[in-house]
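File shown: run.cif (mmCIF, C-alpha atoms).
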```
data_entry
#
loop_
_atom_site.label_atom_id
_atom_site.label_comp_id
_atom_site.auth_asym_id
_atom_site.auth_seq_id
_atom_site.Cartn_x
_atom_site.Cartn_y
_atom_site.Cartn_z
CA MET A 1 17.81 -7.38 6.87
CA THR A 2 15.62 -10.45 7.23
CA GLY A 3 15.48 -13.71 5.32
CA THR A 4 11.81 -14.21 6.11
CA THR A 5 9.30 -13.42 3.37
CA ILE A 6 5.97 -11.97 4.47
CA GLY A 7 2.94 -13.13 2.50
CA ILE A 8 -0.28 -11.15 2.36
CA LEU A 9 -3.70 -12.28 1.17
CA GLY A 10 -5.28 -8.94 0.40
CA GLY A 11 -8.09 -7.27 -1.44
CA MET A 12 -10.59 -7.59 1.42
CA GLY A 13 -10.89 -4.73 0.71
CA PRO A 14 -8.23 -3.19 -1.53
CA ALA A 15 -7.75 -0.01 0.53
CA ALA A 16 -7.31 -2.05 3.72
CA SER A 17 -4.76 -4.24 2.02
CA VAL A 18 -2.72 -1.18 1.00
CA HIS A 19 -3.05 0.28 4.49
CA PHE A 20 -1.77 -2.95 6.04
CA GLN A 21 1.32 -2.80 3.85
CA LYS A 22 1.80 0.85 4.80
CA ARG A 23 1.72 -0.08 8.47
CA LEU A 24 4.25 -2.88 7.89
CA VAL A 25 6.57 -0.27 6.34
CA ASP A 26 5.85 2.35 9.04
CA LEU A 27 6.40 -0.11 11.89
CA THR A 28 9.69 -1.49 10.52
CA PRO A 29 12.71 0.33 11.98
CA ALA A 30 14.70 1.07 8.80
CA GLU A 31 17.46 3.32 7.56
CA SER A 32 17.30 2.10 3.98
CA ASP A 33 15.31 -0.17 1.63
CA ALA A 34 17.28 -3.29 2.55
CA ASP A 35 16.12 -3.13 6.19
CA HIS A 36 12.61 -4.08 5.04
CA PRO A 37 11.50 -7.70 4.63
CA PRO A 38 10.67 -9.20 1.24
CA THR A 39 6.91 -9.24 0.79
CA VAL A 40 4.55 -10.93 -1.61
CA MET A 41 0.90 -9.99 -1.88
CA TRP A 42 -2.00 -11.54 -3.72
CA SER A 43 -5.06 -9.33 -3.81
CA ASP A 44 -8.32 -10.74 -5.12
CA PRO A 45 -11.06 -8.15 -4.63
CA GLN A 46 -13.46 -10.46 -6.44
CA LEU A 47 -13.40 -13.06 -3.67
CA PRO A 48 -16.99 -13.96 -2.68
CA ASP A 49 -18.42 -11.52 -0.14
CA ARG A 50 -17.29 -12.51 3.35
CA VAL A 51 -20.28 -11.00 5.11
CA ALA A 52 -22.73 -13.05 3.05
CA ALA A 53 -20.60 -16.20 3.39
CA LEU A 54 -20.33 -15.88 7.17
CA ARG A 55 -24.12 -15.59 7.30
CA GLY A 56 -24.42 -18.74 5.20
CA SER A 57 -26.11 -16.90 2.33
CA GLY A 58 -23.31 -16.67 -0.21
CA ALA A 59 -20.49 -18.60 -1.89
CA SER A 60 -17.56 -19.62 0.29
CA PRO A 61 -14.33 -17.61 0.03
CA VAL A 62 -12.34 -20.75 0.95
CA PRO A 63 -11.41 -21.89 -2.61
CA GLY A 64 -10.22 -18.37 -3.51
CA LEU A 65 -8.25 -18.10 -0.27
CA ARG A 66 -6.60 -21.46 -0.94
CA ARG A 67 -5.65 -20.37 -4.45
CA GLY A 68 -4.17 -17.13 -3.10
CA ALA A 69 -2.25 -18.99 -0.40
CA GLU A 70 -0.83 -21.34 -3.01
CA ILE A 71 0.34 -18.35 -5.06
CA ILE A 72 2.11 -16.59 -2.21
CA ARG A 73 3.59 -19.77 -0.77
CA SER A 74 4.97 -20.70 -4.21
CA ALA A 75 6.53 -17.24 -4.24
CA GLY A 76 8.29 -18.08 -0.98
CA ALA A 77 5.99 -16.63 1.71
CA ASP A 78 7.05 -17.95 5.14
CA ILE A 79 4.24 -16.16 6.99
CA VAL A 80 0.67 -15.50 5.86
CA ALA A 81 -1.25 -12.44 7.04
CA VAL A 82 -4.84 -11.74 6.00
CA PRO A 83 -5.84 -8.14 6.74
CA CYS A 84 -9.60 -8.74 6.99
CA ASN A 85 -11.35 -9.48 10.29
CA THR A 86 -14.59 -10.87 8.84
CA VAL A 87 -12.82 -13.58 6.85
CA HIS A 88 -10.90 -14.98 9.83
CA PRO A 89 -13.41 -17.76 10.71
CA PHE A 90 -12.67 -19.27 7.26
CA LEU A 91 -8.89 -19.31 7.66
CA ASP A 92 -8.46 -22.56 9.61
CA ASP A 93 -10.27 -24.32 6.77
CA ALA A 94 -8.48 -22.44 3.97
CA LEU A 95 -4.95 -22.21 5.37
CA GLY A 96 -4.83 -24.79 8.15
CA ALA A 97 -4.87 -24.01 11.89
CA GLY A 98 -1.66 -22.16 12.69
CA GLY A 99 -1.08 -21.48 8.99
CA TYR A 100 -1.62 -17.74 9.36
CA VAL A 101 -1.12 -14.91 11.83
CA ASP A 102 -4.33 -14.82 13.89
CA MET A 103 -5.46 -11.19 13.94
CA ILE A 104 -8.45 -11.91 16.19
CA GLY A 105 -6.47 -13.66 18.94
CA GLU A 106 -3.65 -11.14 18.77
CA ALA A 107 -5.96 -8.11 18.96
CA ALA A 108 -7.82 -9.61 21.94
CA ARG A 109 -4.53 -10.28 23.73
CA ILE A 110 -3.44 -6.65 23.25
CA VAL A 111 -6.83 -5.29 24.45
CA ALA A 112 -6.40 -7.25 27.69
CA SER A 113 -2.78 -6.12 28.04
CA HIS A 114 -4.00 -2.50 27.98
CA GLY A 115 -6.12 -3.19 31.08
CA ILE A 116 -9.37 -2.74 29.18
CA THR A 117 -12.28 -4.67 30.76
CA ARG A 118 -15.21 -3.72 28.48
CA ALA A 119 -14.27 -3.19 24.85
CA ALA A 120 -16.65 -1.75 22.25
CA VAL A 121 -16.07 -3.82 19.11
CA LEU A 122 -16.35 -1.79 15.90
CA ALA A 123 -16.92 -4.33 13.14
CA THR A 124 -19.16 -5.56 10.34
CA ALA A 125 -22.51 -7.03 11.35
CA ALA A 126 -21.25 -10.46 10.27
CA THR A 127 -18.17 -10.23 12.52
CA LEU A 128 -20.40 -9.31 15.48
CA GLU A 129 -23.00 -12.01 14.72
CA ASP A 130 -20.28 -14.65 14.45
CA GLY A 131 -19.04 -13.70 17.92
CA MET A 132 -15.37 -14.22 17.01
CA TYR A 133 -14.24 -11.24 19.09
CA GLU A 134 -16.70 -11.94 21.89
CA ARG A 135 -15.08 -15.36 22.34
CA ALA A 136 -11.49 -14.16 21.88
CA LEU A 137 -11.95 -11.30 24.36
CA ALA A 138 -13.77 -13.53 26.88
CA ALA A 139 -10.74 -15.85 26.85
CA HIS A 140 -8.80 -12.88 28.28
CA GLY A 141 -11.57 -11.89 30.72
CA VAL A 142 -12.66 -8.90 28.63
CA GLU A 143 -16.32 -8.22 27.89
CA ALA A 144 -17.27 -7.29 24.31
CA THR A 145 -19.79 -4.48 23.94
CA HIS A 146 -21.41 -2.97 20.85
CA PRO A 147 -21.41 0.71 19.92
CA ASP A 148 -24.76 2.48 20.32
CA ASP A 149 -24.82 3.40 16.68
CA GLN A 150 -23.91 0.22 14.80
CA GLN A 151 -25.50 1.62 11.64
CA ALA A 152 -22.97 4.46 11.61
CA VAL A 153 -20.17 1.89 11.73
CA LEU A 154 -21.63 -0.02 8.77
CA ASP A 155 -22.12 3.19 6.78
CA ILE A 156 -18.49 4.20 7.35
CA ILE A 157 -17.20 0.77 6.25
CA ALA A 158 -19.28 0.91 3.05
CA ALA A 159 -18.10 4.46 2.34
CA VAL A 160 -14.43 3.44 2.66
CA LYS A 161 -15.02 0.60 0.19
CA ALA A 162 -16.64 3.11 -2.19
CA GLY A 163 -13.62 5.45 -1.99
CA GLY A 164 -15.21 8.10 0.23
CA ASP A 165 -13.37 11.12 1.63
CA VAL A 166 -10.99 9.89 4.33
CA GLU A 167 -10.96 13.06 6.45
CA ALA A 168 -14.76 13.25 6.66
CA LEU A 169 -15.08 9.53 7.42
CA ARG A 170 -12.33 9.73 10.04
CA ALA A 171 -14.32 12.44 11.83
CA ARG A 172 -17.40 10.20 11.83
CA LEU A 173 -15.42 7.23 13.14
CA PHE A 174 -13.87 9.32 15.92
CA ALA A 175 -17.34 10.46 16.95
CA VAL A 176 -18.35 6.79 17.34
CA ILE A 177 -15.17 6.05 19.33
CA THR A 178 -15.61 9.07 21.61
CA HIS A 179 -19.24 8.15 22.26
CA ALA A 180 -18.30 4.56 23.14
CA LEU A 181 -15.61 5.68 25.58
CA ALA A 182 -18.00 8.16 27.19
CA GLY A 183 -20.44 5.30 27.83
CA ALA A 184 -20.10 1.89 29.45
CA SER A 185 -16.92 0.82 27.62
CA ASP A 186 -13.40 1.56 28.87
CA GLY A 187 -11.82 0.68 25.54
CA VAL A 188 -12.50 0.38 21.82
CA LEU A 189 -11.38 -2.36 19.46
CA VAL A 190 -11.24 -1.32 15.80
CA ALA A 191 -12.11 -4.69 14.30
CA CYS A 192 -12.71 -4.01 10.62
CA THR A 193 -9.74 -3.21 8.40
CA GLU A 194 -11.75 -0.62 6.45
CA LEU A 195 -12.04 1.32 9.72
CA SER A 196 -8.30 0.85 10.33
CA VAL A 197 -7.67 2.80 7.11
CA LEU A 198 -9.15 5.82 8.89
CA MET A 199 -7.09 5.60 12.07
CA ALA A 200 -4.64 8.42 12.68
CA ASP A 201 -0.97 7.76 13.37
CA ALA A 202 -1.21 9.14 16.91
CA PRO A 203 -1.54 6.28 19.42
CA MET A 204 -4.61 6.29 21.69
CA PRO A 205 -4.12 3.99 24.72
CA ASP A 206 -7.82 3.11 25.02
CA VAL A 207 -8.16 2.23 21.34
CA VAL A 208 -6.69 -0.97 19.88
CA ASP A 209 -6.55 -1.31 16.10
CA ALA A 210 -6.64 -5.00 15.11
CA LEU A 211 -4.86 -4.30 11.80
CA ASP A 212 -1.94 -2.64 13.59
CA GLU A 213 -1.62 -5.60 15.96
CA LEU A 214 -1.66 -7.96 12.97
CA ALA A 215 1.14 -5.88 11.42
CA ARG A 216 3.20 -5.92 14.64
CA GLU A 217 2.81 -9.68 15.18
CA THR A 218 3.61 -10.35 11.50
CA LEU A 219 6.82 -8.32 11.80
CA ARG A 220 7.80 -10.08 15.05
CA ARG A 221 7.42 -13.43 13.29
CA ALA A 222 9.71 -12.09 10.55
CA GLY A 223 12.33 -11.36 13.22
CA ILE A 224 11.70 -7.60 13.25
CA ASP A 225 11.08 -5.68 16.49
CA PRO A 226 8.24 -3.31 15.45
CA ALA A 227 8.47 0.39 16.24
CA MET B 1 -14.92 -5.85 -12.73
CA THR B 2 -11.87 -6.73 -14.80
CA GLY B 3 -10.32 -10.03 -15.75
CA THR B 4 -6.86 -8.50 -16.11
CA THR B 5 -4.40 -9.08 -13.27
CA ILE B 6 -2.00 -6.24 -12.48
CA GLY B 7 1.52 -7.30 -11.48
CA ILE B 8 3.81 -5.05 -9.49
CA LEU B 9 7.54 -5.40 -8.94
CA GLY B 10 7.95 -3.34 -5.81
CA GLY B 11 10.26 -2.64 -2.92
CA MET B 12 12.22 0.10 -4.72
CA GLY B 13 11.59 1.44 -2.16
CA PRO B 14 8.94 -0.14 0.05
CA ALA B 15 7.08 3.10 0.81
CA ALA B 16 6.90 3.95 -2.89
CA SER B 17 5.57 0.51 -3.67
CA VAL B 18 2.77 0.94 -1.11
CA HIS B 19 2.02 4.43 -2.42
CA PHE B 20 1.74 3.09 -5.98
CA GLN B 21 -0.84 0.54 -4.84
CA LYS B 22 -2.70 3.29 -2.97
CA ARG B 23 -2.86 5.35 -6.17
CA LEU B 24 -4.14 2.33 -8.12
CA VAL B 25 -6.95 2.03 -5.57
CA ASP B 26 -7.62 5.79 -5.45
CA LEU B 27 -7.72 6.12 -9.25
CA THR B 28 -10.06 3.14 -9.79
CA PRO B 29 -13.70 4.22 -9.96
CA ALA B 30 -15.31 1.74 -7.56
CA GLU B 31 -18.45 1.28 -5.56
CA SER B 32 -17.32 -1.96 -3.92
CA ASP B 33 -14.34 -4.31 -3.61
CA ALA B 34 -15.20 -6.27 -6.76
CA ASP B 35 -14.74 -3.17 -8.97
CA HIS B 36 -10.99 -3.35 -8.31
CA PRO B 37 -8.63 -5.46 -10.42
CA PRO B 38 -6.82 -8.50 -9.02
CA THR B 39 -3.25 -7.51 -8.15
CA VAL B 40 -0.11 -9.42 -7.34
CA MET B 41 2.97 -7.76 -5.92
CA TRP B 42 6.47 -9.00 -5.30
CA SER B 43 8.54 -6.63 -3.22
CA ASP B 44 12.24 -7.28 -2.81
CA PRO B 45 13.80 -4.38 -0.90
CA GLN B 46 17.09 -6.25 -0.91
CA LEU B 47 17.53 -5.90 -4.67
CA PRO B 48 21.01 -4.48 -5.44
CA ASP B 49 21.11 -0.68 -5.23
CA ARG B 50 19.86 0.79 -8.53
CA VAL B 51 21.81 4.02 -8.19
CA ALA B 52 25.13 2.16 -7.86
CA ALA B 53 24.21 -0.28 -10.64
CA LEU B 54 23.26 2.50 -13.05
CA ARG B 55 26.64 4.10 -12.36
CA GLY B 56 28.34 0.79 -13.09
CA SER B 57 29.71 0.50 -9.57
CA GLY B 58 27.43 -2.16 -8.10
CA ALA B 59 25.77 -5.52 -8.72
CA SER B 60 23.08 -5.64 -11.39
CA PRO B 61 19.42 -5.72 -10.32
CA VAL B 62 18.54 -7.71 -13.46
CA PRO B 63 18.64 -11.25 -11.97
CA GLY B 64 16.44 -10.14 -9.04
CA LEU B 65 14.02 -8.38 -11.37
CA ARG B 66 13.77 -11.50 -13.53
CA ARG B 67 13.06 -13.64 -10.50
CA GLY B 68 10.35 -11.20 -9.36
CA ALA B 69 8.81 -11.12 -12.83
CA GLU B 70 8.72 -14.91 -12.91
CA ILE B 71 6.91 -14.94 -9.56
CA ILE B 72 4.23 -12.47 -10.55
CA ARG B 73 3.74 -13.92 -14.03
CA SER B 74 3.33 -17.41 -12.52
CA ALA B 75 0.68 -15.86 -10.31
CA GLY B 76 -1.17 -14.66 -13.40
CA ALA B 77 0.05 -11.08 -13.90
CA ASP B 78 -1.00 -9.82 -17.34
CA ILE B 79 0.68 -6.42 -16.93
CA VAL B 80 3.92 -5.58 -15.12
CA ALA B 81 4.44 -2.18 -13.49
CA VAL B 82 7.66 -1.24 -11.71
CA PRO B 83 7.20 1.84 -9.51
CA CYS B 84 10.86 2.98 -9.52
CA ASN B 85 12.22 5.47 -12.06
CA THR B 86 15.93 4.74 -11.53
CA VAL B 87 15.56 1.04 -12.36
CA HIS B 88 13.82 1.63 -15.71
CA PRO B 89 16.96 1.42 -17.90
CA PHE B 90 17.36 -2.20 -16.71
CA LEU B 91 13.81 -3.27 -17.59
CA ASP B 92 14.26 -4.02 -21.30
CA ASP B 93 16.99 -6.47 -20.31
CA ALA B 94 15.12 -7.93 -17.33
CA LEU B 95 11.56 -8.05 -18.67
CA GLY B 96 11.92 -7.71 -22.43
CA ALA B 97 11.09 -4.56 -24.44
CA GLY B 98 7.36 -3.99 -24.19
CA GLY B 99 7.15 -6.40 -21.24
CA TYR B 100 6.29 -3.66 -18.77
CA VAL B 101 4.44 -0.35 -18.54
CA ASP B 102 7.05 2.29 -19.41
CA MET B 103 6.82 4.95 -16.68
CA ILE B 104 9.49 7.15 -18.29
CA GLY B 105 7.86 7.34 -21.71
CA GLU B 106 4.38 7.77 -20.26
CA ALA B 107 5.43 10.56 -17.88
CA ALA B 108 7.22 12.42 -20.70
CA ARG B 109 4.13 12.12 -22.91
CA ILE B 110 1.93 13.61 -20.19
CA VAL B 111 4.40 16.48 -19.53
CA ALA B 112 4.19 17.45 -23.22
CA SER B 113 0.39 17.10 -23.23
CA HIS B 114 0.24 19.69 -20.42
CA GLY B 115 1.98 22.23 -22.73
CA ILE B 116 5.12 22.28 -20.58
CA THR B 117 8.24 23.25 -22.59
CA ARG B 118 10.96 23.25 -19.90
CA ALA B 119 10.45 20.66 -17.16
CA ALA B 120 12.55 20.55 -13.99
CA VAL B 121 13.22 16.85 -13.37
CA LEU B 122 13.28 15.91 -9.69
CA ALA B 123 15.11 12.60 -9.49
CA THR B 124 18.05 10.65 -8.10
CA ALA B 125 21.51 11.65 -9.32
CA ALA B 126 21.72 8.34 -11.20
CA THR B 127 18.45 9.01 -13.07
CA LEU B 128 19.72 12.44 -14.11
CA GLU B 129 23.19 11.17 -15.10
CA ASP B 130 21.65 8.41 -17.19
CA GLY B 131 19.64 11.00 -19.12
CA MET B 132 16.57 8.74 -19.40
CA TYR B 133 14.15 11.65 -18.91
CA GLU B 134 16.24 14.09 -20.95
CA ARG B 135 15.87 11.74 -23.94
CA ALA B 136 12.21 10.89 -23.32
CA LEU B 137 11.25 14.54 -22.93
CA ALA B 138 13.32 15.61 -25.96
CA ALA B 139 11.34 13.10 -28.04
CA HIS B 140 8.30 15.25 -27.24
CA GLY B 141 10.11 18.56 -27.78
CA VAL B 142 10.41 19.29 -24.07
CA GLU B 143 13.66 20.46 -22.51
CA ALA B 144 14.75 18.83 -19.23
CA THR B 145 16.15 21.16 -16.59
CA HIS B 146 17.59 20.47 -13.15
CA PRO B 147 16.43 22.06 -9.91
CA ASP B 148 18.85 24.60 -8.41
CA ASP B 149 19.15 22.61 -5.23
CA GLN B 150 19.70 19.02 -6.34
CA GLN B 151 21.19 18.19 -2.92
CA ALA B 152 17.85 19.03 -1.27
CA VAL B 153 16.14 16.54 -3.62
CA LEU B 154 18.63 13.80 -2.71
CA ASP B 155 18.26 14.53 1.01
CA ILE B 156 14.47 14.28 0.77
CA ILE B 157 14.65 10.95 -1.09
CA ALA B 158 17.02 9.48 1.53
CA ALA B 159 14.78 10.75 4.34
CA VAL B 160 11.71 9.06 2.83
CA LYS B 161 13.61 5.78 2.61
CA ALA B 162 14.61 6.20 6.28
CA GLY B 163 10.97 6.70 7.34
CA GLY B 164 11.16 10.46 7.94
CA ASP B 165 8.19 12.65 8.83
CA VAL B 166 5.99 12.97 5.74
CA GLU B 167 4.55 16.41 6.52
CA ALA B 168 7.96 18.00 7.09
CA LEU B 169 9.43 16.37 3.98
CA ARG B 170 6.42 17.40 1.90
CA ALA B 171 7.02 21.03 2.89
CA ARG B 172 10.66 20.74 1.78
CA LEU B 173 9.66 19.15 -1.55
CA PHE B 174 7.07 21.85 -2.20
CA ALA B 175 9.74 24.50 -1.57
CA VAL B 176 11.88 22.89 -4.29
CA ILE B 177 8.89 22.72 -6.67
CA THR B 178 7.89 26.34 -6.04
CA HIS B 179 11.47 27.51 -6.59
CA ALA B 180 11.73 25.62 -9.88
CA LEU B 181 8.46 27.09 -11.19
CA ALA B 182 9.55 30.60 -10.16
CA GLY B 183 12.71 30.15 -12.24
CA ALA B 184 13.34 29.10 -15.83
CA SER B 185 11.06 26.03 -15.82
CA ASP B 186 7.36 26.11 -16.70
CA GLY B 187 6.74 22.65 -15.29
CA VAL B 188 8.03 20.09 -12.82
CA LEU B 189 8.33 16.34 -13.31
CA VAL B 190 8.39 14.34 -10.07
CA ALA B 191 10.61 11.52 -11.29
CA CYS B 192 11.50 9.55 -8.19
CA THR B 193 8.83 7.41 -6.55
CA GLU B 194 10.07 8.32 -3.05
CA LEU B 195 9.15 11.92 -3.89
CA SER B 196 5.77 10.76 -5.22
CA VAL B 197 5.00 9.43 -1.73
CA LEU B 198 5.02 13.07 -0.57
CA MET B 199 2.70 14.46 -3.24
CA ALA B 200 -0.66 15.74 -2.04
CA ASP B 201 -3.91 14.56 -3.56
CA ALA B 202 -4.71 18.00 -5.00
CA PRO B 203 -3.78 18.14 -8.69
CA MET B 204 -1.30 20.83 -9.78
CA PRO B 205 -1.42 21.39 -13.57
CA ASP B 206 2.28 22.38 -13.83
CA VAL B 207 3.45 19.35 -11.86
CA VAL B 208 3.44 15.85 -13.34
CA ASP B 209 4.02 12.90 -11.01
CA ALA B 210 5.55 9.99 -12.92
CA LEU B 211 4.19 7.44 -10.43
CA ASP B 212 0.62 8.70 -10.93
CA GLU B 213 1.01 8.45 -14.71
CA LEU B 214 2.32 4.90 -14.33
CA ALA B 215 -0.74 4.10 -12.22
CA ARG B 216 -3.13 5.62 -14.77
CA GLU B 217 -1.54 3.84 -17.74
CA THR B 218 -1.48 0.54 -15.81
CA LEU B 219 -5.20 0.88 -15.08
CA ARG B 220 -5.98 1.75 -18.71
CA ARG B 221 -4.20 -1.42 -19.82
CA ALA B 222 -6.36 -3.33 -17.33
CA GLY B 223 -9.44 -1.90 -19.05
CA ILE B 224 -10.19 0.64 -16.33
CA ASP B 225 -10.77 4.32 -17.08
CA PRO B 226 -8.84 6.02 -14.26
CA ALA B 227 -10.46 8.78 -12.22
#
```
Would you put the structure from the file into structure tokens?
Amino acid sequence: MTGTTIGILGGMGPAASVHFQKRLVDLTPAESDADHPPTVMWSDPQLPDRVAALRGSGASPVPGLRRGAEIIRSAGADIVAVPCNTVHPFLDDALGAGGYVDMIGEAARIVASHGITRAAVLATAATLEDGMYERALAAHGVEATHPDDQQAVLDIIAAVKAGGDVEALRARLFAVITHALAGASDGVLVACTELSVLMADAPMPDVVDALDELARETLRRAGIDPA
Amino acid sequence: MTGTTIGILGGMGPAASVHFQKRLVDLTPAESDADHPPTVMWSDPQLPDRVAALRGSGASPVPGLRRGAEIIRSAGADIVAVPCNTVHPFLDDALGAGGYVDMIGEAARIVASHGITRAAVLATAATLEDGMYERALAAHGVEATHPDDQQAVLDIIAAVKAGGDVEALRARLFAVITHALAGASDGVLVACTELSVLMADAPMPDVVDALDELARETLRRAGIDPA
């Protein structure tokens, strides 16, 4: 049992937000309901598009994020997790530095801890253009690389958002991962939560899933030792 | 796009509450994030045990349910769904009659609409003892039956709450379903949301999943025609 309430700003996208909650449940060692932490989630799928905003061509998601944060904090959230990589550069402004669990920094730390030196970052074009993972990985001495077929990555992300068949999309994602590992990269960082939805339960030591690391760090901050 | 916010009182149990959200996403016809409704969820896995409360031997979940409802209504919830069958008899008291989407009544309506006349109700012992489904089904001229191996049902529910292997538990649940349909029942009603977690995506005309019907009715009330 824990007295810490986990807050989630979700909906970016909706499937990823459900998957994040599933991973929180999966990674919590529990014999019964009461072993799980209280959780509050606000999901606003109508938040302005993060890709456009990060490129400076669309409305800012910051007001919507602030509103969501107010809702979950009023409900008692002690920790705020935002299961969307692309939106992370807006979070200092929206939630205050240190006001959320930093998925980008945590994922980069775990990549380095796995001994990976060149990580292929699978992400939206906006996440790559921003360079958020390039910087976070460099801080740990890890070089960020791009997959050969970035278009395939974008197509898979869009298909997940459109409710495409998970098994077929998983096969396409695993082809991208296998190709990256067969090339110049000795690791893969799954850095878009829509891609995380497709990851299998079986752990792969060369592949780090940012969403899973966000879930683990969120649980640790709630006083739970994740499975 | 919808202006209606869906509210969920979850955590009973946590896996079921995630699965309910997954079904909301799956059943929403969507091409992009913005086609999904805003959703707010409060999950309190530490709510007093509903089985004990329904048997009159434990603390009431009503104060906790009221607190959760207050949280999600303050956040803007226009509709309240509670993905737990066993707790339903407490909801009139906690949320007011008509203040929530009635999973029991909706599931019974769908069972009758499938032409089922004798439905094996797979549920917790407390749900069966209360007779909530017996009454709801009788109102539609459907007879409620019990599976031969009620202990297997209870074991599966407990195993889901303890994070057991989904594939193995699904096989056990399907054995119970197959046995019921081979006997005196011409339909099965999956009436515990922990069992719903194990249901496959493929529709089975003789099997009605109460959680799925709650998801569909919730979406309809949000102005969405479910898939």
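Each of B:His88, B:Val51, B:Thr28, B:Arg220 was checked against Leu154 (chain B) using only C-alpha atoms; the smallest atom-to-atom distance is that of B:Val51.
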Exercise for review: Could you give me, as a PyMOL selection string, the residues within 10 Å of Glu143 (chain A), counting all atoms listed in the file and dropping anything in the same chain fewer than 6 positions from it?
Suggested key: chain A and resi 112+116-121+133-137+185
Starting from chain B, keep only residues with some atom at most 8 Å from an atom of chain A, counting only C-alpha atoms, and report them as an mmCIF file with C-alpha atoms, in the frame of the given file.
```
data_model
loop_
_atom_site.group_PDB
_atom_site.id
_atom_site.type_symbol
_atom_site.label_atom_id
_atom_site.label_comp_id
_atom_site.auth_asym_id
_atom_site.auth_seq_id
_atom_site.Cartn_x
_atom_site.Cartn_y
_atom_site.Cartn_z
ATOM 1 C CA MET B 1 -14.920 -5.850 -12.730
ATOM 2 C CA GLY B 11 10.260 -2.640 -2.920
ATOM 3 C CA MET B 12 12.220 0.100 -4.720
ATOM 4 C CA GLY B 13 11.590 1.440 -2.160
ATOM 5 C CA PRO B 14 8.940 -0.140 0.050
ATOM 6 C CA ALA B 15 7.080 3.100 0.810
ATOM 7 C CA VAL B 18 2.770 0.940 -1.110
ATOM 8 C CA GLN B 21 -0.840 0.540 -4.840
ATOM 9 C CA LYS B 22 -2.700 3.290 -2.970
ATOM 10 C CA VAL B 25 -6.950 2.030 -5.570
ATOM 11 C CA ASP B 26 -7.620 5.790 -5.450
ATOM 12 C CA ALA B 30 -15.310 1.740 -7.560
ATOM 13 C CA GLU B 31 -18.450 1.280 -5.560
ATOM 14 C CA SER B 32 -17.320 -1.960 -3.920
ATOM 15 C CA ASP B 33 -14.340 -4.310 -3.610
ATOM 16 C CA ALA B 34 -15.200 -6.270 -6.760
ATOM 17 C CA ASP B 35 -14.740 -3.170 -8.970
ATOM 18 C CA HIS B 36 -10.990 -3.350 -8.310
ATOM 19 C CA PRO B 37 -8.630 -5.460 -10.420
ATOM 20 C CA PRO B 38 -6.820 -8.500 -9.020
ATOM 21 C CA THR B 39 -3.250 -7.510 -8.150
ATOM 22 C CA VAL B 40 -0.110 -9.420 -7.340
ATOM 23 C CA MET B 41 2.970 -7.760 -5.920
ATOM 24 C CA TRP B 42 6.470 -9.000 -5.300
ATOM 25 C CA SER B 43 8.540 -6.630 -3.220
ATOM 26 C CA ASP B 44 12.240 -7.280 -2.810
ATOM 27 C CA PRO B 45 13.800 -4.380 -0.900
ATOM 28 C CA GLN B 46 17.090 -6.250 -0.910
ATOM 29 C CA LEU B 47 17.530 -5.900 -4.670
ATOM 30 C CA ILE B 71 6.910 -14.940 -9.560
ATOM 31 C CA ALA B 75 0.680 -15.860 -10.310
ATOM 32 C CA ALA B 158 17.020 9.480 1.530
ATOM 33 C CA LYS B 161 13.610 5.780 2.610
ATOM 34 C CA ALA B 162 14.610 6.200 6.280
ATOM 35 C CA GLY B 163 10.970 6.700 7.340
#
```
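In this model, the gap between CA of Met132 (chain A) and CA of Thr145 (chain A) comes to 12.7 Å.
Distances here use only C-alpha atoms; by that measure, the residue among B:Ala202, B:Leu54, B:Ile79, B:Ile157 closest to Thr4 (chain B) is B:Ile79.
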Exercise for review: Could you state which residues are captured by the PyMOL selection byres ((chain B and resi 180) around 10) in this file, as number ranges by chain?
Suggested key: B: 119-122, 145-149, 174-179, 181-188
Review point. For Ala191 (chain B), which residue out of B:Ala94, B:Val208, B:Ala215, B:Ala81 is the nearest one, using all atoms listed in the file?
Key: B:Val208
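The nearest approach to Thr86 (chain A) among the residues A:Asp130, A:Glu106, A:Asp206, A:Asp165, with only C-alpha atoms taken into account, belongs to A:Asp130.
Atom pair CA of Val142 (chain A) / CA of Val207 (chain A): separated by 14.0 Å.
CA of Asp78 (chain B) lies 15.4 Å from CA of Leu214 (chain B).
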Please expand the PyMOL selection byres ((chain A and resi 196) around 9) into the concrete residues it hits in this file, giving the result as a tab-separated table (two decimals) with C-alpha atoms, keeping the file's coordinate frame.
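As a result, out-v9.tsv now contains:
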```
chain	number	residue	atom	x	y	z
A	16	ALA	CA	-7.31	-2.05	3.72
A	19	HIS	CA	-3.05	0.28	4.49
A	20	PHE	CA	-1.77	-2.95	6.04
A	190	VAL	CA	-11.24	-1.32	15.80
A	191	ALA	CA	-12.11	-4.69	14.30
A	192	CYS	CA	-12.71	-4.01	10.62
A	193	THR	CA	-9.74	-3.21	8.40
A	194	GLU	CA	-11.75	-0.62	6.45
A	195	LEU	CA	-12.04	1.32	9.72
A	197	VAL	CA	-7.67	2.80	7.11
A	198	LEU	CA	-9.15	5.82	8.89
A	199	MET	CA	-7.09	5.60	12.07
A	200	ALA	CA	-4.64	8.42	12.68
A	209	ASP	CA	-6.55	-1.31	16.10
A	210	ALA	CA	-6.64	-5.00	15.11
A	211	LEU	CA	-4.86	-4.30	11.80
A	212	ASP	CA	-1.94	-2.64	13.59
```
Practice item. For the file shown, report as a count of residues only the outcome of the PyMOL selection byres ((chain B and resi 100) around 9) at residue level. Key: 14
